[in-house]
Structures are given as structure tokens and as C-alpha cells.
>>> print(open('run-v2.csv').read())   # CSV, C-alpha atoms
chain,number,residue,atom,x,y,z
Y,1,MET,CA,137.8,-50.9,-37.1
Y,2,ILE,CA,134.5,-49.3,-37.5
Y,3,ASP,CA,133.3,-50.5,-34.1
Y,4,SER,CA,136.4,-49.0,-32.4
Y,5,ASN,CA,135.6,-45.6,-33.9
Y,6,LEU,CA,132.0,-45.7,-32.9
Y,7,ILE,CA,132.5,-46.6,-29.2
Y,8,ASP,CA,131.9,-43.8,-26.9
Y,9,ASN,CA,135.2,-43.1,-25.2
Y,10,PRO,CA,135.5,-40.3,-22.7
Y,11,ALA,CA,139.2,-39.8,-23.6
Y,12,PHE,CA,138.4,-39.4,-27.3
Y,13,LEU,CA,139.3,-35.9,-28.4
Y,14,PRO,CA,135.8,-34.7,-29.4
Y,15,ALA,CA,134.5,-35.9,-26.0
Y,16,ILE,CA,137.2,-33.9,-24.3
Y,17,ILE,CA,136.4,-30.7,-26.3
Y,18,LEU,CA,132.7,-31.1,-25.6
Y,19,THR,CA,132.7,-31.9,-21.9
Y,20,ASN,CA,135.7,-30.2,-20.3
Y,21,ASP,CA,136.1,-26.4,-20.6
Y,22,GLU,CA,139.7,-26.5,-19.2
Y,23,THR,CA,141.0,-29.0,-21.7
Y,24,LYS,CA,138.9,-27.4,-24.4
Y,25,GLN,CA,141.3,-24.5,-24.3
Y,26,ILE,CA,144.2,-26.7,-25.4
Y,27,ILE,CA,142.9,-26.0,-29.0
Y,28,ALA,CA,143.6,-22.3,-29.0
Y,29,ASP,CA,141.4,-21.4,-32.0
Y,30,GLU,CA,137.6,-21.6,-31.5
Y,31,GLN,CA,137.0,-22.0,-35.3
Y,32,LEU,CA,139.3,-25.1,-35.1
Y,33,GLN,CA,137.4,-26.4,-32.2
Y,34,SER,CA,134.2,-26.2,-34.2
Y,35,GLY,CA,135.8,-27.7,-37.3
Y,36,VAL,CA,137.2,-30.7,-35.4
Y,37,LEU,CA,133.8,-31.4,-33.9
Y,38,THR,CA,132.3,-31.2,-37.4
Y,39,LEU,CA,134.9,-33.5,-38.8
Y,40,TYR,CA,134.4,-36.1,-36.1
Y,41,GLN,CA,130.6,-35.9,-36.5
Y,42,TYR,CA,130.9,-36.5,-40.2
Y,43,LYS,CA,133.4,-39.3,-39.6
Y,44,ARG,CA,131.0,-41.0,-37.1
Y,45,ASP,CA,128.0,-40.6,-39.4
Y,46,TYR,CA,130.0,-42.0,-42.4
Y,47,LEU,CA,131.2,-45.0,-40.3
Y,48,LYS,CA,127.7,-45.7,-39.2
Y,49,LYS,CA,126.6,-45.9,-42.8
Y,50,LEU,CA,129.5,-48.2,-43.6
Y,51,GLN,CA,128.7,-50.4,-40.7
Y,52,SER,CA,125.1,-50.6,-41.9
Y,53,LEU,CA,126.3,-51.7,-45.3
Y,54,ILE,CA,128.5,-54.4,-43.7
Y,55,GLU,CA,125.7,-55.6,-41.6
Y,56,GLN,CA,123.5,-55.8,-44.7
Y,57,ASN,CA,126.3,-57.6,-46.5
Y,58,ASP,CA,125.9,-55.1,-49.3
Y,59,LEU,CA,129.2,-55.9,-51.0
Y,60,THR,CA,128.3,-54.0,-54.2
Y,61,GLU,CA,127.7,-50.7,-52.4
Y,62,ILE,CA,130.8,-51.2,-50.3
Y,63,GLN,CA,132.8,-51.7,-53.5
Y,64,ASN,CA,131.2,-48.6,-55.0
Y,65,LYS,CA,132.7,-46.6,-52.1
Y,66,ARG,CA,136.2,-47.8,-52.7
Y,67,ASP,CA,137.4,-44.5,-54.4
Y,68,GLU,CA,135.7,-42.5,-51.7
Y,69,LEU,CA,137.4,-44.5,-49.0
Y,70,LYS,CA,140.7,-44.1,-50.7
Y,71,LYS,CA,140.4,-40.4,-50.9
Y,72,LEU,CA,139.4,-40.1,-47.2
Y,73,SER,CA,142.2,-42.4,-46.2
Y,74,THR,CA,144.7,-40.2,-48.1
Y,75,LEU,CA,143.4,-36.9,-46.7
Y,76,MET,CA,143.0,-37.8,-43.0
Y,77,PRO,CA,146.7,-38.1,-42.3
Y,78,LYS,CA,147.2,-34.6,-43.6
Y,79,ILE,CA,145.4,-33.2,-40.5
Y,80,ASN,CA,147.0,-35.7,-38.0
Y,81,ASP,CA,149.7,-33.4,-36.6
Y,82,ASP,CA,150.4,-30.9,-33.9
Y,83,ARG,CA,149.2,-27.8,-35.8
Y,84,LEU,CA,145.9,-28.2,-34.1
Y,85,PHE,CA,147.5,-27.2,-30.8
Y,86,SER,CA,149.8,-24.5,-32.1
Y,87,ASN,CA,149.6,-20.8,-31.2
Y,88,ASP,CA,151.5,-20.0,-34.5
Y,89,LYS,CA,148.9,-18.2,-36.7
Y,90,SER,CA,150.4,-19.5,-39.9
Y,91,LYS,CA,150.2,-23.1,-38.7
Y,92,ILE,CA,146.6,-22.5,-37.5
Y,93,GLU,CA,145.6,-21.1,-40.9
Y,94,SER,CA,147.3,-24.0,-42.7
Y,95,TYR,CA,145.5,-26.5,-40.5
Y,96,LYS,CA,142.2,-24.7,-41.1
Y,97,LYS,CA,142.6,-25.0,-44.9
Y,98,ASP,CA,143.5,-28.7,-44.6
Y,99,LEU,CA,140.7,-29.4,-42.2
Y,100,GLU,CA,138.2,-27.7,-44.4
Y,101,LEU,CA,139.4,-29.8,-47.4
Y,102,VAL,CA,138.9,-33.0,-45.4
Y,103,ILE,CA,135.5,-32.0,-44.1
Y,104,GLN,CA,134.3,-31.2,-47.7
Y,105,GLN,CA,135.3,-34.6,-48.9
Y,106,PHE,CA,132.9,-36.4,-46.6
Y,107,PRO,CA,129.7,-37.3,-48.3
Y,108,LYS,CA,126.6,-35.7,-46.8
>>> encode(input="run-v2.csv", output="C-alpha cells")
Amino acid sequence: MIDSNLIDNPAFLPAIILTNDETKQIIADEQLQSGVLTLYQYKRDYLKKLQSLIEQNDLTEIQNKRDELKKLSTLMPKINDDRLFSNDKSKIESYKKDLELVIQQFPK
């Protein structure tokens, strides 16, 4: 699962946002564009750390991250919806709050 998230895929949402100005406009709010990119960067960095622990066979450290992983797994679905692409200001604001909450939960 980690490998599939770390593979560079040109159809992956952050790649679309970064490389194509026309499709970048699908996400109407610029602050959301930035937040989504931040989220995916944090997610990618986090997965690289997990991958490193797996490669080192550091089961103790992986087990120590169980609560952290549970929390992230619970929060991520809260931002997996169509509010990101909405023009409705209340939906955008709601999504911004949820997105910020998820971003804050990623360890730095």
C-alpha cells in the first residue's frame, strides 16, 4: 500500500494541480489548492518514514505508531468528498476546517 502511494503518477491529484493550469482551476479556492498540496506532501513524507521502518524491520516503532495511524485513518475519509470541487462557500469553508484538522494531525 505504501509503494502505491509513493509511485509518481501523472494522473494523481497533486500532480494535476501542480502541472496543469487548466485543470488546476477545477479546485476553485486557491487556499484549498495549497492545503491539498500540503496534505499530500505530509502524507508522502509520512509514508516514506513508514516505509523506512518496514525496510528496517523495526516492528517496535511501527507498533508505537498504531494510535497515530488509527487517528489518520479515521480522519482521512472526512475530506474524501466533493466539497473540494464546490463553488458553495459554506461547503468550501467546511472543507477548509476539516482539511486543516487532518493536516495538523500529521507528525512533523
>>> closest_residue(input="run-v2.csv", among="Y:Arg44, Y:Lys96, Y:Lys108, Y:Lys70", to="Y:Leu84", atoms="all atoms listed in the file")
Y:Lys96
>>> residues_around(input="run-v2.csv", residues="Y:Lys91", least_positions_apart="6", cutoff="12 Å", atoms="only C-alpha atoms", output="list in words")
Ala28, Asp29, Leu32, Ile79, Asp81, Asp82, Arg83, Leu84, Phe85, Lys97, Asp98 and Leu99 of chain Y
>>> atom_distance(input="run-v2.csv", atom1="atom CA of Y:Ser34", atom2="atom CA of Y:Leu53")
28.9 Å
>>> closest_residue(input="run-v2.csv", among="Y:Glu68, Y:Lys78, Y:Leu59, Y:Gln31", to="Y:Tyr46", atoms="only C-alpha atoms")
Y:Glu68
>>> closest_residue(input="run-v2.csv", among="Y:Asn57, Y:Ser90, Y:Gln105, Y:Gln33", to="Y:Leu72", atoms="all atoms listed in the file")
Y:Gln105
>>> atom_distance(input="run-v2.csv", atom1="atom CA of Y:Pro77", atom2="atom CA of Y:Ile62")
22.1 Å
>>> atom_distance(input="run-v2.csv", atom1="atom CA of Y:Gly35", atom2="atom CA of Y:Thr74")
18.8 Å
>>> residues_near_point(input="run-v2.csv", point="(130.3, -34.9, -36.5)", cutoff="12 Å", atoms="all atoms listed in the file", output="ChimeraX atom specification")
/Y:6,14-15,18,33-48,103,106,108
>>> write_last_selection(input="run-v2.csv", atoms="C-alpha atoms", output="PDB file, keeping the file's coordinate frame")
ATOM      1  CA  LEU Y   6     132.000 -45.700 -32.900  1.00  0.00           C
ATOM      2  CA  PRO Y  14     135.800 -34.700 -29.400  1.00  0.00           C
ATOM      3  CA  ALA Y  15     134.500 -35.900 -26.000  1.00  0.00           C
ATOM      4  CA  LEU Y  18     132.700 -31.100 -25.600  1.00  0.00           C
ATOM      5  CA  GLN Y  33     137.400 -26.400 -32.200  1.00  0.00           C
ATOM      6  CA  SER Y  34     134.200 -26.200 -34.200  1.00  0.00           C
ATOM      7  CA  GLY Y  35     135.800 -27.700 -37.300  1.00  0.00           C
ATOM      8  CA  VAL Y  36     137.200 -30.700 -35.400  1.00  0.00           C
ATOM      9  CA  LEU Y  37     133.800 -31.400 -33.900  1.00  0.00           C
ATOM     10  CA  THR Y  38     132.300 -31.200 -37.400  1.00  0.00           C
ATOM     11  CA  LEU Y  39     134.900 -33.500 -38.800  1.00  0.00           C
ATOM     12  CA  TYR Y  40     134.400 -36.100 -36.100  1.00  0.00           C
ATOM     13  CA  GLN Y  41     130.600 -35.900 -36.500  1.00  0.00           C
ATOM     14  CA  TYR Y  42     130.900 -36.500 -40.200  1.00  0.00           C
ATOM     15  CA  LYS Y  43     133.400 -39.300 -39.600  1.00  0.00           C
ATOM     16  CA  ARG Y  44     131.000 -41.000 -37.100  1.00  0.00           C
ATOM     17  CA  ASP Y  45     128.000 -40.600 -39.400  1.00  0.00           C
ATOM     18  CA  TYR Y  46     130.000 -42.000 -42.400  1.00  0.00           C
ATOM     19  CA  LEU Y  47     131.200 -45.000 -40.300  1.00  0.00           C
ATOM     20  CA  LYS Y  48     127.700 -45.700 -39.200  1.00  0.00           C
ATOM     21  CA  ILE Y 103     135.500 -32.000 -44.100  1.00  0.00           C
ATOM     22  CA  PHE Y 106     132.900 -36.400 -46.600  1.00  0.00           C
ATOM     23  CA  LYS Y 108     126.600 -35.700 -46.800  1.00  0.00           C
TER      24      LYS Y 108
END
>>> decode(input="run-v2.csv", residues="stretch 55-66 of chain Y", atoms="N, CA, C and O atoms", output="PDB file, in the first residue's frame")
ATOM      1  N   GLU Y  55      11.317  -1.388   6.042  1.00  0.00           N
ATOM      2  CA  GLU Y  55      12.551  -1.914   5.458  1.00  0.00           C
ATOM      3  C   GLU Y  55      13.571  -2.285   6.532  1.00  0.00           C
ATOM      4  O   GLU Y  55      14.342  -3.224   6.378  1.00  0.00           O
ATOM      5  N   GLN Y  56      13.558  -1.529   7.635  1.00  0.00           N
ATOM      6  CA  GLN Y  56      14.469  -1.808   8.750  1.00  0.00           C
ATOM      7  C   GLN Y  56      13.918  -2.905   9.664  1.00  0.00           C
ATOM      8  O   GLN Y  56      14.575  -3.307  10.615  1.00  0.00           O
ATOM      9  N   ASN Y  57      12.706  -3.330   9.372  1.00  0.00           N
ATOM     10  CA  ASN Y  57      12.020  -4.343  10.175  1.00  0.00           C
ATOM     11  C   ASN Y  57      11.909  -3.908  11.642  1.00  0.00           C
ATOM     12  O   ASN Y  57      12.067  -4.716  12.562  1.00  0.00           O
ATOM     13  N   ASP Y  58      11.642  -2.617  11.837  1.00  0.00           N
ATOM     14  CA  ASP Y  58      11.527  -2.031  13.177  1.00  0.00           C
ATOM     15  C   ASP Y  58      10.088  -2.168  13.675  1.00  0.00           C
ATOM     16  O   ASP Y  58       9.308  -1.218  13.688  1.00  0.00           O
ATOM     17  N   LEU Y  59       9.745  -3.372  14.088  1.00  0.00           N
ATOM     18  CA  LEU Y  59       8.375  -3.673  14.491  1.00  0.00           C
ATOM     19  C   LEU Y  59       7.944  -2.895  15.726  1.00  0.00           C
ATOM     20  O   LEU Y  59       6.786  -2.507  15.853  1.00  0.00           O
ATOM     21  N   THR Y  60       8.868  -2.652  16.618  1.00  0.00           N
ATOM     22  CA  THR Y  60       8.527  -1.898  17.835  1.00  0.00           C
ATOM     23  C   THR Y  60       8.082  -0.483  17.484  1.00  0.00           C
ATOM     24  O   THR Y  60       7.045  -0.011  17.970  1.00  0.00           O
ATOM     25  N   GLU Y  61       8.837   0.179  16.649  1.00  0.00           N
ATOM     26  CA  GLU Y  61       8.478   1.551  16.263  1.00  0.00           C
ATOM     27  C   GLU Y  61       7.187   1.581  15.449  1.00  0.00           C
ATOM     28  O   GLU Y  61       6.369   2.489  15.604  1.00  0.00           O
ATOM     29  N   ILE Y  62       7.011   0.596  14.611  1.00  0.00           N
ATOM     30  CA  ILE Y  62       5.763   0.515  13.831  1.00  0.00           C
ATOM     31  C   ILE Y  62       4.583   0.338  14.774  1.00  0.00           C
ATOM     32  O   ILE Y  62       3.558   1.004  14.635  1.00  0.00           O
ATOM     33  N   GLN Y  63       4.720  -0.536  15.764  1.00  0.00           N
ATOM     34  CA  GLN Y  63       3.645  -0.734  16.738  1.00  0.00           C
ATOM     35  C   GLN Y  63       3.394   0.532  17.557  1.00  0.00           C
ATOM     36  O   GLN Y  63       2.256   0.823  17.920  1.00  0.00           O
ATOM     37  N   ASN Y  64       4.442   1.283  17.835  1.00  0.00           N
ATOM     38  CA  ASN Y  64       4.288   2.543  18.576  1.00  0.00           C
ATOM     39  C   ASN Y  64       3.478   3.568  17.787  1.00  0.00           C
ATOM     40  O   ASN Y  64       2.936   4.513  18.360  1.00  0.00           O
ATOM     41  N   LYS Y  65       3.395   3.394  16.503  1.00  0.00           N
ATOM     42  CA  LYS Y  65       2.660   4.330  15.650  1.00  0.00           C
ATOM     43  C   LYS Y  65       1.206   3.906  15.429  1.00  0.00           C
ATOM     44  O   LYS Y  65       0.478   4.543  14.689  1.00  0.00           O
ATOM     45  N   ARG Y  66       0.786   2.855  16.084  1.00  0.00           N
ATOM     46  CA  ARG Y  66      -0.561   2.329  15.868  1.00  0.00           C
ATOM     47  C   ARG Y  66      -1.648   3.378  16.118  1.00  0.00           C
ATOM     48  O   ARG Y  66      -2.532   3.566  15.287  1.00  0.00           O
TER      49      ARG Y  66
END
